[in-house]
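*Asks:* Questions regarding the structure given below will be posed in turn.
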Amino acid sequence: MDAEFFTAMAVTKRFGGVTALLDLSLAIQRSQIYSLIGPNGAGKSTFFNAVTGFDPPDSGSIQFQGRELVGLAPEAVATARIARTYQNIRLFKSMTALENVIVGRHVLMRAGVFGAVFNPPPTRREEETAETRAFELLDFVGLRGREAEVSINLSYGDQRRLEIARALALEPELLLLDEPTAGMSPAETSAVADLVLHLRDERGLTVLLVEHDMSVVMGISDRITVMDYGEEIARGTPDEVQNDPRVLEAYLGGAA
Amino acid sequence: MRAALLPATRPGLVGGGAAIAIVVLGMVTALNERELAGLPVGNLLVGLIVLAVGYRAARDAVGAGSRLVAGLVAGLTAGAFLALFMLFTRVPGVSEKLVQTEPEDTDAILFGMGAGGAALLAVFGAGLGVLGGVLASLPALPTGWLRAVAGSGRLRLILVALLSLLIVGLALAFLFGLVVAVVGVIVLAGLELALLGGALASLPPLPARLRQVLPKSGAGRRRLDPVALLTLLIMAVVLIVVPMAFGQYFNHVSTTVGIFVLMGLGLNVVVGYAGLLDLGYVAFFAIGAYAMAILSSPEQGIEVNFWLALPIAMAVSGISGTLLGIPVLRMRGDYLAIVTLGFGEIIRIFSQNLTDLTGGPQGVRDIARPELAEQEFTTLLFANPQQFYFYLIATGVVLVAIISAHLLSSRIGRAWVAMREDEDVARAIGIRVVRYKLLAFTIGAVFAGLGGAIFASRQNSIFPNDFTLIVSINVLCLVIIGGMGSVRGVVVGSVALIALPEILRELAEFRLVTFGALLVFMMIVRPQGLLPAGRSLVSGPASLDIAAPPAEA
């Protein structure tokens with residue numbers, strides 16, 4: 001069972017004449033950090049959208065804990081405990097940091113109209129738990145003291161970290177991070193890398209990471225798939241990938 | 001300084017244009033029939049515009065000297081523009097084209113002095129502009145104390161208590177004379193003092209803002225804090241006394257406002273919380289009203305009691321909200337607006353043509369009034385039936401406002417706001433947007449249905465013309481002007497858009513023009529509305545801030 005924690009098999013996605021993903025296969029073990037790298041337009045974000053149900057693949061299969069994800073709506077993928085962040089930050093802008101994280105917990109809460117209007121003890125307990133957990137998560141990503149800040153007023157790096165906290169609020173089994181360190185300073189970048197490592201080591205979380213910062217990718221990944229033009233060109237541990245001639249060619253061009 | 005001259009003419013021209021518009025439309029003449037402190041209101045309005053122009057121009061200038069000059073230039077431009085146009089209207093043939101104004105009216109603007117008057121008007125404008133410039137140069141008013149009052153529970157409480165004494169005292173004096181008023185005020189003051197003493201002592205020392213940020217312990221969550229409780233209590237006392245003191249006219253206006261508040265609160269859920277633009281919202285109001293009418297009027301031979309018809313009407317309206325929601329769920333933005341617009345008209349046309357059920361243009365008559373214990377409640381307790389509707393509607397408004405506030409600060413409200421801001425991200429978080437859109441539509445429809453049912457009963461008879469597109473537009477305007485997503489905003493918006501035109505009857509024919517101008521003005525100056533939504537997606541004392549003030553209705 002654990003051997004098949006997450007597998008993608010021959011996933012193909014075409015947009016008109018453009019093949020964004022071609023026969024992409026990969027397998028992630030539980031508590032691994034698995035990185036997808038490749039030049040811009042290699043199909044990494046397309047793969048994220050295929051997994052989360054926004055752009056279902058044309059063919060192929062994506063299995064998560066024995067369950068087929070292809071064909072599931074985004075809401076159902078979230079219920080299966082897969083959370084994601086976005087390359088271009090997509091927070092709920094009018095909400096505070098705290099509210100962003102609490103709303104991320106939506107699927108773990110139950111309250112309906114009755115609960116909302118009458119606020120019976122179960123709802124009250126649920127809200128309390130949500131709030132407590134949200135404070136913990138904000139503390140964990142380093143946003144202590146900024147809870148009441150409206151998210152759009154946060155600094156860029158804080159917004160990125162808040163997005164991670166919101167994704168973690170779902171208590172995911174699999175976390176998809178889409179360029180979490182983009183635009184960050186070296187210090188902030190290494191803090192995020194530490195955070196991801198911590199999630200794996202302390203909480204046993206499985207992470208699928210898309211990242212351009214090679215020091216981060218090589219430093220924390222267990223396995224890496226290198227993509228170019230929608231196809232896998234290399235796969236393996238950081239060491240194996242770094243020495244692969246095809247990878248060097250894709251990154252440095254024919255001149256290398 | 002010369003650089004400041006040219007930009008200052010721009011607000012001058014805009015203001016002058018606005019002044020010309022209101023003169024040509026006949027608004028100034030109509031308003032001049034009223035006086036405020038001895039001055040005709042119409043002319044006062046023109047003066048105010050020029051003053052504002054001077055203020056606006058001066059605010060952009062740097063340094064005291066150039067502020068005054070900017071104000072002068074702007075005011076002079078506005079005055080001269082208006083004066084020149086008034087002279088232009090005296091050109092033979094022009095005056096006849098201006099159907100809304102008589103030559104005497106434009107003459108009056110020029111002080112009846114022709115060209116000399118025009119020069120005088122320009123000088124007047126310049127003077128007012130300078131005054132605007134002076135105002136702009138004044139140091140900013142210390143508004144800190146205002147914020148302190150608003151932020152401090154104690155001060156607010158004392159203020160509310162004093163205000164309630166004043167209102168109750170006045171009302172009692174009106175009703176029963178001075179002696180009763182004095183006794184009543186003393187009794188109420190004693191009562192409030194007893195309550196206040198306890199409440200003040202038990203107020204937590206932390207400022208309200210800090211309290212919202214700190215994680216709340218289980219004990220204090222969403223329980224009525226003493227300030228809110230007392231505020232509610234005092235509001236209730238005021239609400240009970242007020243309609244007794246004022247006449248039928250007050251009650252008619254205030255119940256109309258209340259019905260619009262009910263609708264506004266419903267549309268606020270749909271548009272403000274969930275971000276679904278519904279332009280045919282009157283449909284649900286109509287469905288609620290016709291359900292009440294058909295069920296309780298003898299015309300269809302059903303004739304059930306008001307209290308039975310009320311929940312049925314709300315349910316019928318809610319179900320129709322769900323039914324409309326299903327086909328339009330997958331539409332976003334503009335498309336949704338157009339489809340709902342059509343739905344609103346369909347319902348009105350149905351009510352016109354389904355003659356067997358709705359009586360067609362003849363409408364439904366003899367709709368039931370609320371009865372209690374086999375006797376008309378209205379005649380049992382109150383001389384004036386409108387007075388009972390006031391209590392009924394006030395109760396409805398308070399309940400609906402509290403329910404809205406609770407919904408917003410719950411899992412449901414957060415899901416709505418998330419969906420409104422980014423539907424894709426909301427789905428990725430696991431929010432089933434289809435379900436939440438349906439829920440918003442349904443709840444909005446139930447609130448409108450309640451408003452419609454009470455409206456039908458109050459009117460006693462209803463007609464298709466009560467449910468035109470303009471009702472939808474009015475409700476949407478009051479939600480936007482009040483502040484989308486804000487419960488308080490809906491109340492303020494209703495008072496501004498429903499009560500004011502009702503009181504300023506002379507302006508009735510200028511209503512739409514004023515609406516349009518007001519909307520444009522608001523979108524430029526304060527797009528978030530008069531009282532924008534506060535931050536209260538998390539339950540706690542903050543949610544009560546929203547729940548309490550609607551009692552003002």
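Every chain in the structure tokens has a letter given in the order shown (A, B, ...), and although residue numbers restart at 1 in each chain, ligands are simply numbered from 1 in the order shown.
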Need to verify the contact set: B:Leu469, 8 Å, only C-alpha atoms, exclusion of same-chain residues closer than 4 positions in sequence. Can you return it as a list in words?

*Replies:*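 Here the qualifying residues turn out to be Gly280, Val282, Gly344, Glu345 and Ile473 of chain B.
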
*Asks:* Give me every strand (DSSP E) residue in stretch 307-464 of chain B, going by DSSP on the backbone, as a list in words.

*Replies:*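 Listing strand (DSSP E) positions across stretch 307-464 of chain B yields Glu371, Leu372, Gln375 and Glu376 of chain B.
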
*Asks:* For the interface of chain B with chain A (cut-off 7 Å, counting only C-alpha atoms), please tabulate each contacting residue of chain B alongside its nearest pair of atoms and their separation in Å to one decimal, rows sorted by chain and increasing number, as JSON lines.

*Replies:*
```
{"residue": "B:Val213", "atom": "CA", "partner": "A:Ala148", "partner_atom": "CA", "distance": 5.8}
{"residue": "B:Pro215", "atom": "CA", "partner": "A:Thr132", "partner_atom": "CA", "distance": 7.0}
{"residue": "B:Ile403", "atom": "CA", "partner": "A:Val117", "partner_atom": "CA", "distance": 5.7}
{"residue": "B:His406", "atom": "CA", "partner": "A:Val117", "partner_atom": "CA", "distance": 5.5}
{"residue": "B:Leu407", "atom": "CA", "partner": "A:Ala116", "partner_atom": "CA", "distance": 5.3}
{"residue": "B:Ser410", "atom": "CA", "partner": "A:Ala116", "partner_atom": "CA", "distance": 5.3}
{"residue": "B:Arg411", "atom": "CA", "partner": "A:Ala111", "partner_atom": "CA", "distance": 6.5}
{"residue": "B:Ile412", "atom": "CA", "partner": "A:Gly112", "partner_atom": "CA", "distance": 6.8}
{"residue": "B:Arg414", "atom": "CA", "partner": "A:Val103", "partner_atom": "CA", "distance": 6.0}
{"residue": "B:Ala415", "atom": "CA", "partner": "A:Val103", "partner_atom": "CA", "distance": 6.8}
{"residue": "B:Ala418", "atom": "CA", "partner": "A:Phe92", "partner_atom": "CA", "distance": 6.2}
{"residue": "B:Glu421", "atom": "CA", "partner": "A:Phe92", "partner_atom": "CA", "distance": 5.9}
{"residue": "B:Asp422", "atom": "CA", "partner": "A:Phe92", "partner_atom": "CA", "distance": 6.9}
{"residue": "B:Arg427", "atom": "CA", "partner": "A:Glu75", "partner_atom": "CA", "distance": 5.0}
{"residue": "B:Ala428", "atom": "CA", "partner": "A:Pro74", "partner_atom": "CA", "distance": 5.3}
{"residue": "B:Ile429", "atom": "CA", "partner": "A:Ala78", "partner_atom": "CA", "distance": 5.7}
{"residue": "B:Gly430", "atom": "CA", "partner": "A:Glu75", "partner_atom": "CA", "distance": 4.1}
{"residue": "B:Ile431", "atom": "CA", "partner": "A:Glu75", "partner_atom": "CA", "distance": 6.0}
{"residue": "B:Arg432", "atom": "CA", "partner": "A:Glu75", "partner_atom": "CA", "distance": 6.0}
{"residue": "B:Leu537", "atom": "CA", "partner": "A:Glu99", "partner_atom": "CA", "distance": 6.7}
{"residue": "B:Val538", "atom": "CA", "partner": "A:Glu99", "partner_atom": "CA", "distance": 6.9}
```

*Asks:* Might you pull out every residue within 8 Å of B:Asn460, with only C-alpha atoms counted and same-chain residues fewer than 5 positions away left off, and present them as an mmCIF file with C-alpha atoms, in the first residue's frame?

*Replies:*
```cif
data_model
loop_
_atom_site.group_PDB
_atom_site.id
_atom_site.type_symbol
_atom_site.label_atom_id
_atom_site.label_comp_id
_atom_site.auth_asym_id
_atom_site.auth_seq_id
_atom_site.Cartn_x
_atom_site.Cartn_y
_atom_site.Cartn_z
ATOM 1 C CA ARG B 365 -57.161 42.621 -2.299
ATOM 2 C CA ASP B 366 -58.034 42.057 1.361
ATOM 3 C CA ILE B 367 -54.765 40.433 2.330
ATOM 4 C CA ALA B 368 -54.805 39.310 5.960
ATOM 5 C CA ARG B 369 -53.457 41.436 8.762
#
```

*Asks:* If you run DSSP on the backbone here, which positions in stretch 22-271 of chain B get helix (DSSP H, G or I)? Please write them as a PyMOL selection string.

*Replies:* chain B and resi 22-24+27-31+41-60+64-88+94-97+103-109+114-137+144-151+153-176+178-202+208-213+218-220+226-245+248-271

*Asks:* List the spatial neighbours of B:Ser404 as JSON, numbers by chain - criterion: any atom at most 9 Å away, only C-alpha atoms, same-chain residues fewer than 4 positions off excluded.

*Replies:* {"A": [117], "B": [265, 266, 268, 269, 399, 400, 408, 409, 413, 487, 547]}

*Asks:* Ranking A:Thr189, A:His198, A:Leu21, A:Ser35 by minimum distance to A:Val241 and counting only C-alpha atoms, which one comes first?

*Replies:*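 Ranked by minimum distance to A:Val241, first place goes to A:Ser35.
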